[in-house]
file work-v4.txt (compact mmCIF, C-alpha atoms)
# COMPACT_ATOMS: atom_id res chain seq x y z
CA MET A 1074 12.85 17.27 -11.55
CA ASP A 1075 12.15 15.42 -14.78
CA LYS A 1076 10.23 18.14 -16.65
CA GLN A 1077 9.16 15.80 -19.45
CA ALA A 1078 7.63 13.30 -17.00
CA LEU A 1079 5.93 16.13 -15.14
CA TYR A 1080 4.50 17.45 -18.41
CA GLN A 1081 3.16 13.98 -19.27
CA HIS A 1082 1.45 13.75 -15.90
CA GLN A 1083 -0.05 17.20 -16.41
CA GLN A 1084 -1.37 16.15 -19.81
CA GLN A 1085 -2.91 12.98 -18.38
CA LYS A 1086 -4.57 14.97 -15.61
CA THR A 1087 -6.01 17.40 -18.15
CA VAL A 1088 -7.29 14.59 -20.38
CA LEU A 1089 -9.10 12.78 -17.55
CA CYS A 1090 -10.57 15.89 -15.95
CA SER A 1091 -11.83 17.13 -19.34
CA ILE A 1092 -14.02 14.10 -20.05
CA ASN A 1093 -17.68 15.05 -20.53
CA SER A 1094 -19.40 11.86 -21.67
CA LEU A 1095 -19.52 8.12 -21.15
CA ASN A 1096 -18.35 7.61 -24.71
CA GLU A 1097 -15.23 9.71 -24.09
CA LEU A 1098 -14.49 7.73 -20.93
CA ALA A 1099 -14.91 4.44 -22.80
CA ARG A 1100 -12.46 5.56 -25.49
CA LEU A 1101 -9.93 6.60 -22.86
CA LEU A 1102 -10.22 3.15 -21.25
CA ARG A 1103 -10.01 1.43 -24.66
CA LEU A 1104 -13.52 -0.02 -24.46
CA ASP A 1105 -16.75 0.45 -26.31
CA GLN A 1106 -19.47 2.19 -24.34
CA ARG A 1107 -21.66 -0.91 -24.04
CA LYS A 1108 -18.86 -2.99 -22.53
CA LEU A 1109 -18.02 -0.25 -20.05
CA THR A 1110 -21.68 -0.07 -18.97
CA LEU A 1111 -21.85 -3.84 -18.50
CA MET A 1112 -18.59 -3.77 -16.56
CA ALA A 1113 -20.07 -1.17 -14.21
CA GLU A 1114 -23.32 -3.11 -13.77
CA ARG A 1115 -21.62 -6.46 -13.09
CA PRO A 1116 -18.01 -5.95 -11.94
CA ASN A 1117 -16.12 -9.24 -12.07
CA TYR A 1118 -14.14 -10.00 -8.90
CA ARG A 1119 -12.66 -13.09 -7.28
CA THR A 1120 -12.63 -13.05 -3.48
CA PHE A 1121 -10.26 -14.93 -1.18
CA GLU A 1122 -8.66 -14.54 2.26
CA ILE A 1123 -5.07 -14.29 3.43
CA PRO A 1124 -3.79 -14.35 7.04
CA LYS A 1125 -2.93 -11.06 8.71
CA LYS A 1126 0.44 -10.65 10.41
CA ASP A 1127 -1.24 -10.01 13.75
CA GLY A 1128 -3.79 -12.84 13.43
CA GLY A 1129 -7.18 -13.12 11.76
CA MET A 1130 -7.88 -13.08 8.04
CA ARG A 1131 -7.85 -10.31 5.45
CA GLU A 1132 -10.35 -10.41 2.57
CA ILE A 1133 -8.87 -9.69 -0.86
CA GLU A 1134 -10.98 -8.92 -3.94
CA THR A 1135 -9.12 -9.33 -7.23
CA PRO A 1136 -10.71 -8.02 -10.45
CA GLY A 1137 -11.03 -10.27 -13.48
CA ASP A 1138 -8.62 -9.79 -16.36
CA ASP A 1139 -10.72 -7.34 -18.41
CA LEU A 1140 -11.67 -5.23 -15.43
CA LYS A 1141 -8.10 -5.31 -14.09
CA ARG A 1142 -6.79 -4.06 -17.44
CA THR A 1143 -9.37 -1.27 -17.50
CA LEU A 1144 -8.66 -0.20 -13.93
CA GLY A 1145 -4.94 -0.27 -14.67
CA ILE A 1146 -5.43 2.32 -17.42
CA LEU A 1147 -7.67 4.45 -15.21
CA ASN A 1148 -5.15 4.22 -12.37
CA ARG A 1149 -2.41 5.84 -14.46
CA TYR A 1150 -4.63 8.87 -15.08
CA LEU A 1151 -5.81 9.04 -11.47
CA GLN A 1152 -2.20 8.92 -10.27
CA SER A 1153 -1.38 11.87 -12.50
CA VAL A 1154 -4.28 13.82 -11.04
CA TYR A 1155 -3.26 13.07 -7.47
CA LEU A 1156 0.36 14.03 -8.13
CA PHE A 1157 -0.79 17.65 -8.46
CA GLU A 1158 -3.54 17.45 -5.82
CA LYS A 1159 -1.73 15.48 -3.10
CA SER A 1160 -2.00 16.61 0.49
CA SER A 1161 1.11 17.65 2.40
CA ALA A 1162 0.63 14.67 4.74
CA ALA A 1163 0.25 11.79 2.24
CA TYR A 1164 3.37 9.71 1.60
CA GLY A 1165 1.97 6.39 0.37
CA PHE A 1166 0.72 5.48 -3.12
CA VAL A 1167 2.07 8.68 -4.69
CA VAL A 1168 3.67 8.35 -8.12
CA GLY A 1169 7.32 9.38 -8.21
CA VAL A 1170 8.99 11.80 -10.60
CA LYS A 1171 12.75 11.54 -11.13
CA ASN A 1172 14.82 14.18 -9.28
CA ASP A 1173 11.76 15.47 -7.43
CA ASP A 1174 12.81 17.17 -4.18
CA ASP A 1175 9.49 16.10 -2.64
CA ARG A 1176 9.57 12.35 -3.27
CA ARG A 1177 6.89 10.56 -1.27
CA ASN A 1178 7.72 7.04 -0.08
CA VAL A 1179 8.03 4.98 3.08
CA LEU A 1180 11.53 6.32 3.79
CA SER A 1181 10.80 10.01 3.30
CA ASN A 1182 7.68 9.45 5.42
CA ALA A 1183 9.77 8.18 8.35
CA ARG A 1184 12.39 10.90 7.97
CA LYS A 1185 9.79 13.59 8.69
CA HIS A 1186 9.84 12.45 12.31
CA ILE A 1187 13.59 12.26 12.97
CA GLY A 1188 14.77 14.17 16.02
CA LYS A 1189 11.37 14.51 17.67
CA PRO A 1190 11.28 13.23 21.28
CA TYR A 1191 7.58 12.36 21.22
CA LEU A 1192 5.87 10.19 18.62
CA LEU A 1193 2.36 8.81 18.23
CA ASN A 1194 1.54 6.11 15.67
CA ILE A 1195 -2.09 5.45 14.74
CA ASP A 1196 -3.40 2.71 12.46
CA LEU A 1197 -6.79 2.87 10.73
CA ALA A 1198 -8.76 -0.38 10.90
CA ASN A 1199 -10.05 -1.93 7.64
CA PHE A 1200 -8.78 1.06 5.71
CA PHE A 1201 -9.85 0.27 2.12
CA HIS A 1202 -13.11 -1.36 3.16
CA SER A 1203 -14.02 1.72 5.22
CA ILE A 1204 -14.08 3.83 2.04
CA THR A 1205 -17.61 3.41 0.71
CA ARG A 1206 -19.00 3.74 -2.78
CA GLU A 1207 -20.69 6.98 -1.68
CA ARG A 1208 -17.33 8.43 -0.73
CA VAL A 1209 -15.80 7.38 -4.06
CA LEU A 1210 -18.79 8.93 -5.85
CA LYS A 1211 -18.09 12.16 -3.98
CA VAL A 1212 -14.47 12.08 -5.19
CA PHE A 1213 -15.63 12.06 -8.80
CA THR A 1214 -18.30 14.77 -8.36
CA GLU A 1215 -16.05 17.27 -6.60
CA ALA A 1216 -12.88 19.13 -7.61
CA PRO A 1217 -10.70 18.49 -9.49
CA PHE A 1218 -12.96 16.15 -11.51
CA ARG A 1219 -16.47 17.63 -11.25
CA PHE A 1220 -17.90 14.93 -13.53
CA LYS A 1221 -21.55 15.26 -14.54
CA ARG A 1222 -24.50 13.03 -15.49
CA GLU A 1223 -23.75 9.29 -15.44
CA LEU A 1224 -19.94 9.57 -15.31
CA PRO A 1225 -19.49 9.62 -11.50
CA ASP A 1226 -21.80 6.62 -11.03
CA VAL A 1227 -20.09 4.52 -13.70
CA LEU A 1228 -16.64 5.32 -12.31
CA ALA A 1229 -17.75 4.58 -8.76
CA ASP A 1230 -19.30 1.30 -9.90
CA ILE A 1231 -16.19 -0.02 -11.67
CA CYS A 1232 -13.89 1.11 -8.84
CA THR A 1233 -15.88 -0.41 -5.94
CA TYR A 1234 -17.18 -3.85 -5.05
CA ARG A 1235 -19.88 -4.67 -2.51
CA GLY A 1236 -20.21 -0.97 -1.79
CA ARG A 1237 -16.58 -0.33 -0.83
CA LEU A 1238 -13.04 -0.08 -2.16
CA PRO A 1239 -11.75 -3.59 -2.95
CA MET A 1240 -8.38 -4.61 -1.53
CA GLY A 1241 -6.97 -5.95 -4.81
CA ALA A 1242 -8.01 -3.35 -7.42
CA PRO A 1243 -5.30 -1.23 -9.11
CA THR A 1244 -7.27 1.97 -8.48
CA SER A 1245 -7.93 1.46 -4.76
CA PRO A 1246 -4.65 2.94 -3.44
CA VAL A 1247 -4.90 6.26 -5.28
CA LEU A 1248 -8.65 6.49 -4.63
CA SER A 1249 -7.99 6.00 -0.93
CA ASN A 1250 -5.69 9.03 -1.05
CA LEU A 1251 -8.27 11.10 -2.92
CA ALA A 1252 -10.96 10.01 -0.44
CA CYS A 1253 -8.74 11.07 2.47
CA MET A 1254 -8.14 14.64 1.29
CA ASP A 1255 -10.52 16.10 3.87
CA LEU A 1256 -9.14 13.88 6.63
CA ASP A 1257 -5.55 14.88 5.79
CA ARG A 1258 -6.56 18.54 5.79
CA ASP A 1259 -8.32 18.41 9.17
CA LEU A 1260 -5.54 16.44 10.85
CA SER A 1261 -2.93 18.78 9.36
CA ILE A 1262 -4.77 21.81 10.77
CA LEU A 1263 -4.73 20.26 14.25
CA ALA A 1264 -1.09 19.16 13.94
CA ASN A 1265 0.04 22.59 12.74
CA SER A 1266 -1.79 24.30 15.61
CA LEU A 1267 0.22 22.13 18.04
CA PHE A 1268 3.51 22.49 16.11
CA TRP A 1269 3.58 18.76 15.32
CA ASN A 1270 4.79 16.91 12.26
CA PHE A 1271 2.08 14.73 10.70
CA THR A 1272 2.33 12.16 7.91
CA ARG A 1273 0.05 9.43 6.60
CA TYR A 1274 1.31 6.37 4.74
CA ALA A 1275 -1.90 4.62 3.61
CA ASP A 1276 -3.56 3.60 6.89
CA ASP A 1277 -0.52 4.37 9.09
CA MET A 1278 -0.49 7.87 10.58
CA SER A 1279 2.36 9.34 12.59
CA PHE A 1280 2.46 12.51 14.71
CA SER A 1281 5.71 13.77 16.24
CA SER A 1282 6.32 16.62 18.63
CA ASP A 1283 8.88 18.47 20.74
CA THR A 1284 6.40 18.49 23.62
CA PRO A 1285 4.39 15.67 25.22
CA ILE A 1286 1.38 14.32 23.30
CA THR A 1287 -1.42 14.26 25.85
CA PRO A 1288 -4.52 12.07 26.26
CA GLU A 1289 -6.58 15.15 25.37
CA ASN A 1290 -4.66 15.44 22.09
CA ILE A 1291 -5.46 11.82 21.29
CA VAL A 1292 -9.16 12.45 21.98
CA SER A 1293 -9.09 15.31 19.47
CA LEU A 1294 -7.40 13.10 16.87
CA ARG A 1295 -9.87 10.29 17.46
CA LYS A 1296 -12.83 12.62 16.91
CA ILE A 1297 -11.48 13.90 13.58
CA ILE A 1298 -10.82 10.34 12.41
CA THR A 1299 -14.21 8.94 13.46
CA ASP A 1300 -16.04 11.96 12.02
CA ALA A 1301 -14.34 11.12 8.71
CA GLY A 1302 -15.81 7.62 8.80
CA PHE A 1303 -12.74 5.69 9.95
CA THR A 1304 -12.01 3.63 13.04
CA LEU A 1305 -8.78 3.47 15.00
CA ASN A 1306 -7.10 0.11 15.46
CA GLU A 1307 -6.68 0.51 19.21
CA GLN A 1308 -4.21 -2.38 19.45
CA LYS A 1309 -1.77 -0.57 17.16
CA LEU A 1310 -2.00 2.85 18.81
CA LYS A 1311 1.52 3.47 20.11
CA LEU A 1312 2.88 6.45 22.03
CA TYR A 1313 6.65 6.94 22.39
CA GLY A 1314 8.55 9.13 24.84
CA PRO A 1315 12.06 10.64 24.70
CA ALA A 1316 13.82 7.49 25.93
CA ASP A 1317 11.95 5.03 23.67
CA PRO A 1318 13.31 3.61 20.41
CA LYS A 1319 10.91 4.89 17.77
CA THR A 1320 9.63 3.24 14.59
CA VAL A 1321 7.49 4.62 11.77
CA THR A 1322 5.99 2.14 9.29
CA GLY A 1323 8.55 -0.47 10.35
CA ILE A 1324 11.53 1.89 10.05
CA LEU A 1325 13.70 2.64 13.07
CA LEU A 1326 14.40 6.34 13.65
CA GLU A 1327 17.98 7.21 14.57
CA ALA A 1328 19.52 10.50 15.59
CA ASP A 1329 19.97 11.77 12.04
CA ASP A 1330 18.70 9.04 9.71
CA CYS A 1331 16.58 5.90 9.46
CA THR A 1332 17.31 2.19 9.32
CA LEU A 1333 15.44 -1.08 9.62
CA ASP A 1334 14.43 -2.40 12.99
CA PRO A 1335 16.78 -5.37 13.68
CA SER A 1336 13.74 -7.52 14.43
CA TYR A 1337 12.62 -7.05 10.79
CA LEU A 1338 15.87 -8.54 9.51
CA ASP A 1339 15.69 -11.34 12.06
CA LEU A 1340 12.19 -12.22 10.89
CA LEU A 1341 13.32 -12.10 7.27
CA ASP A 1342 16.22 -14.41 8.10
CA GLU A 1343 13.81 -16.88 9.72
CA GLU A 1344 11.51 -16.81 6.70
CA ILE A 1345 14.40 -17.48 4.33
CA LYS A 1346 15.54 -20.43 6.44
CA ARG A 1347 11.99 -21.74 6.45
CA LEU A 1348 11.85 -21.41 2.67
CA HIS A 1349 15.19 -23.21 2.36
CA GLU A 1350 13.81 -26.20 4.27
CA VAL A 1351 10.65 -26.25 2.19
CA MET A 1352 12.55 -26.07 -1.09
CA ARG A 1353 14.91 -28.81 0.03
CA ALA A 1354 11.96 -31.04 0.84
CA GLN A 1355 10.31 -30.24 -2.50
CA ASN A 1356 13.53 -31.08 -4.26
CA GLU A 1357 13.68 -34.45 -2.55
CA LEU A 1358 10.06 -35.15 -3.42
CA GLY A 1359 10.48 -34.39 -7.11
CA GLN A 1360 9.91 -30.60 -7.34
CA LEU A 1361 6.27 -30.53 -6.30
CA ASN A 1362 4.51 -27.37 -7.48
CA THR A 1363 2.80 -25.89 -4.45
CA ARG A 1364 0.91 -22.61 -4.65
CA TRP A 1365 1.55 -21.61 -1.04
CA VAL A 1366 5.30 -22.02 -1.54
CA GLU A 1367 5.15 -19.60 -4.48
CA GLN A 1368 3.20 -17.20 -2.27
CA LEU A 1369 5.90 -17.53 0.40
CA LYS A 1370 8.56 -16.68 -2.19
CA GLN A 1371 6.61 -13.60 -3.26
CA GLN A 1372 6.17 -12.51 0.35
CA ILE A 1373 9.90 -12.80 0.99
CA ARG A 1374 10.72 -10.98 -2.28
CA GLY A 1375 8.50 -8.12 -1.11
CA ARG A 1376 10.23 -7.98 2.26
CA MET A 1377 13.63 -8.15 0.55
CA ALA A 1378 12.71 -5.26 -1.75
CA PHE A 1379 11.67 -3.19 1.27
CA ALA A 1380 14.91 -4.04 3.11
CA GLY A 1381 17.00 -3.19 0.04
CA PHE A 1382 15.20 0.14 -0.39
CA VAL A 1383 15.81 1.19 3.21
CA LEU A 1384 19.30 -0.26 3.74
CA LYS A 1385 20.56 0.18 0.17
CA ARG A 1386 21.70 -2.75 -1.92
CA LYS A 1387 25.33 -2.85 -0.79
CA ASN A 1388 24.54 -3.14 2.92
CA GLU A 1389 26.43 -6.15 4.31
CA ARG A 1390 23.47 -7.67 6.15
CA PHE A 1391 21.21 -7.22 3.13
CA VAL A 1392 23.74 -8.88 0.83
CA GLU A 1393 23.91 -11.86 3.21
CA LEU A 1394 20.12 -12.21 3.21
CA LYS A 1395 19.96 -11.77 -0.56
CA ASN A 1396 22.50 -14.56 -1.07
CA ALA A 1397 20.67 -16.81 1.40
CA PHE A 1398 17.40 -16.23 -0.46
CA HIS A 1399 19.04 -17.04 -3.81
CA SER A 1400 20.42 -20.27 -2.33
CA ALA A 1401 17.03 -21.16 -0.89
CA ILE A 1402 15.15 -20.87 -4.19
CA ASN A 1403 17.90 -22.61 -6.16
CA PRO A 1404 18.66 -25.81 -4.23
CA PRO A 1405 21.43 -28.02 -5.64
CA THR A 1406 20.37 -30.78 -8.00
CA GLU A 1407 21.23 -34.13 -6.41
CA GLU A 1408 20.36 -37.74 -6.71
CA PHE A 1409 18.37 -38.71 -3.64
CA GLY A 1410 17.74 -42.15 -2.30
CA SER A 1411 14.56 -43.33 -0.60
CA ILE A 1412 12.59 -40.59 1.12
CA SER A 1413 11.58 -40.77 4.75
CA TRP A 1414 8.32 -38.89 5.39
CA ARG A 1415 9.51 -38.31 8.96
CA GLY A 1416 12.07 -35.90 7.56
CA PHE A 1417 9.47 -33.71 5.88
CA PRO A 1418 9.22 -30.32 7.68
CA TYR A 1419 5.49 -30.24 8.33
CA ASN A 1420 5.50 -27.50 10.96
CA PHE A 1421 6.04 -24.50 8.72
call {"tool": "encode", "arguments": {"input": "work-v4.txt", "output": "structure tokens"}}
result
Amino acid sequence: MDKQALYQHQQQKTVLCSINSLNELARLLRLDQRKLTLMAERPNYRTFEIPKKDGGMREIETPGDDLKRTLGILNRYLQSVYLFEKSSAAYGFVVGVKNDDDRRNVLSNARKHIGKPYLLNIDLANFFHSITRERVLKVFTEAPFRFKRELPDVLADICTYRGRLPMGAPTSPVLSNLACMDLDRDLSILANSLFWNFTRYADDMSFSSDTPITPENIVSLRKIITDAGFTLNEQKLKLYGPADPKTVTGILLEADDCTLDPSYLDLLDEEIKRLHEVMRAQNELGQLNTRWVEQLKQQIRGRMAFAGFVLKRKNERFVELKNAFHSAINPPTEEFGSISWRGFPYNF
């Protein structure tokens, strides 16, 4: 483990948890006290919607530049706190330390369930938006923070919007983990009593077992989750038996390791081909700047990063997809004649 990095995180945890006044908090966040107070009273957010993968729309709240910068600073300190306070079940949104034997990420999350014949995946509906301001306030008033006077309210005010965790704020991921400490504890107690493995990656929870997971077990899980203020996404509840191929957070479990579900790579291939057609059309039309095309590129880059992380960068299929993506975003420069609008790929 990188002892220097660990020491820095310990120092940052100590600094944040030692704050006793609004003025000290403002200095830590590189603000004057008046500006911090105004930021808490009138947090600046821009709201928009993006489509969900399974249909419907997801509301995103993005903080304005000043607030985003402030929350980015606060996030670094909160991440350091959670590094030392993290639950045994949490694998998402945990800062990494080089050479740590207990690295928490999407791959180590899936590996906890290798070799188990029974698997239950549960998804929490509207995860961030289910974490209320009151719950965030509780985070800042209890251990390890134990902030007094106006500090918990100011922190809760700058970290929430419309009474809940916003989807696009830098601090929301780590605060969701801190807000789920009790939930992780209670689910871990149940899992341990049944000799299960349990992990949570953000809103995705997985339980694996050597013995069948019964309807009565699921009732017990549902009660703990609803008592904690969350709701199950019933459409994503998935129970696997010994003969079923098993996936955890999109990763296919094999006998002794993990890989990507082939359908993930097929979907990625389709998206790259779609992007190639769009870029070709844009090239023909004079390099039109279209925001949704840039968003498509970013989406594919994110999927590519995930694929490269799981498969490793030298994997043959990944290299093929990487080359195809590079070709798609760098179409050849040609002289085109007259353009037929019938050739434009409208049905993206």
call {"tool": "atom_distance", "arguments": {"input": "work-v4.txt", "atom1": "atom CA of Lys1189 of chain A", "atom2": "atom CA of Ser1161 of chain A"}}
result
18.7 Å
call {"tool": "closest_residue", "arguments": {"input": "work-v4.txt", "among": "A:Val1227, A:Leu1305, A:Ile1286, A:Leu1098", "to": "Trp1269 of chain A", "atoms": "all atoms listed in the file"}}
result
A:Ile1286
call {"tool": "atom_distance", "arguments": {"input": "work-v4.txt", "atom1": "atom CA of Thr1299 of chain A", "atom2": "atom CA of Ser1261 of chain A"}}
result
15.5 Å
call {"tool": "residues_near_point", "arguments": {"input": "work-v4.txt", "point": "(-10.5, 14.6, 10.0)", "cutoff": "8 Å", "atoms": "all atoms listed in the file", "output": "ChimeraX atom specification"}}
result
/A:1255-1260,1294,1296-1301
call {"tool": "closest_residue", "arguments": {"input": "work-v4.txt", "among": "A:Ile1204, A:Ala1264, A:Ile1146, A:Leu1384", "to": "Asp1276 of chain A", "atoms": "only C-alpha atoms"}}
result
A:Ile1204
call {"tool": "residues_around", "arguments": {"input": "work-v4.txt", "residues": "segment 1105-1116 of chain A", "least_positions_apart": "5", "cutoff": "10 Å", "atoms": "all atoms listed in the file", "output": "VMD selection string"}}
result
chain A and resid 1095 to 1100 1136 to 1137 1139 to 1140 1143 1226 to 1235
call {"tool": "write_last_selection", "arguments": {"input": "work-v4.txt", "atoms": "C-alpha atoms", "output": "CSV table (one decimal), keeping the file's coordinate frame"}}
result
chain,number,residue,atom,x,y,z
A,1095,LEU,CA,-19.5,8.1,-21.2
A,1096,ASN,CA,-18.4,7.6,-24.7
A,1097,GLU,CA,-15.2,9.7,-24.1
A,1098,LEU,CA,-14.5,7.7,-20.9
A,1099,ALA,CA,-14.9,4.4,-22.8
A,1100,ARG,CA,-12.5,5.6,-25.5
A,1136,PRO,CA,-10.7,-8.0,-10.4
A,1137,GLY,CA,-11.0,-10.3,-13.5
A,1139,ASP,CA,-10.7,-7.3,-18.4
A,1140,LEU,CA,-11.7,-5.2,-15.4
A,1143,THR,CA,-9.4,-1.3,-17.5
A,1226,ASP,CA,-21.8,6.6,-11.0
A,1227,VAL,CA,-20.1,4.5,-13.7
A,1228,LEU,CA,-16.6,5.3,-12.3
A,1229,ALA,CA,-17.8,4.6,-8.8
A,1230,ASP,CA,-19.3,1.3,-9.9
A,1231,ILE,CA,-16.2,0.0,-11.7
A,1232,CYS,CA,-13.9,1.1,-8.8
A,1233,THR,CA,-15.9,-0.4,-5.9
A,1234,TYR,CA,-17.2,-3.8,-5.0
A,1235,ARG,CA,-19.9,-4.7,-2.5
call {"tool": "closest_residue", "arguments": {"input": "work-v4.txt", "among": "A:Met1240, A:Met1278, A:Ile1195, A:Leu1224", "to": "Asn1093 of chain A", "atoms": "only C-alpha atoms"}}
result
A:Leu1224
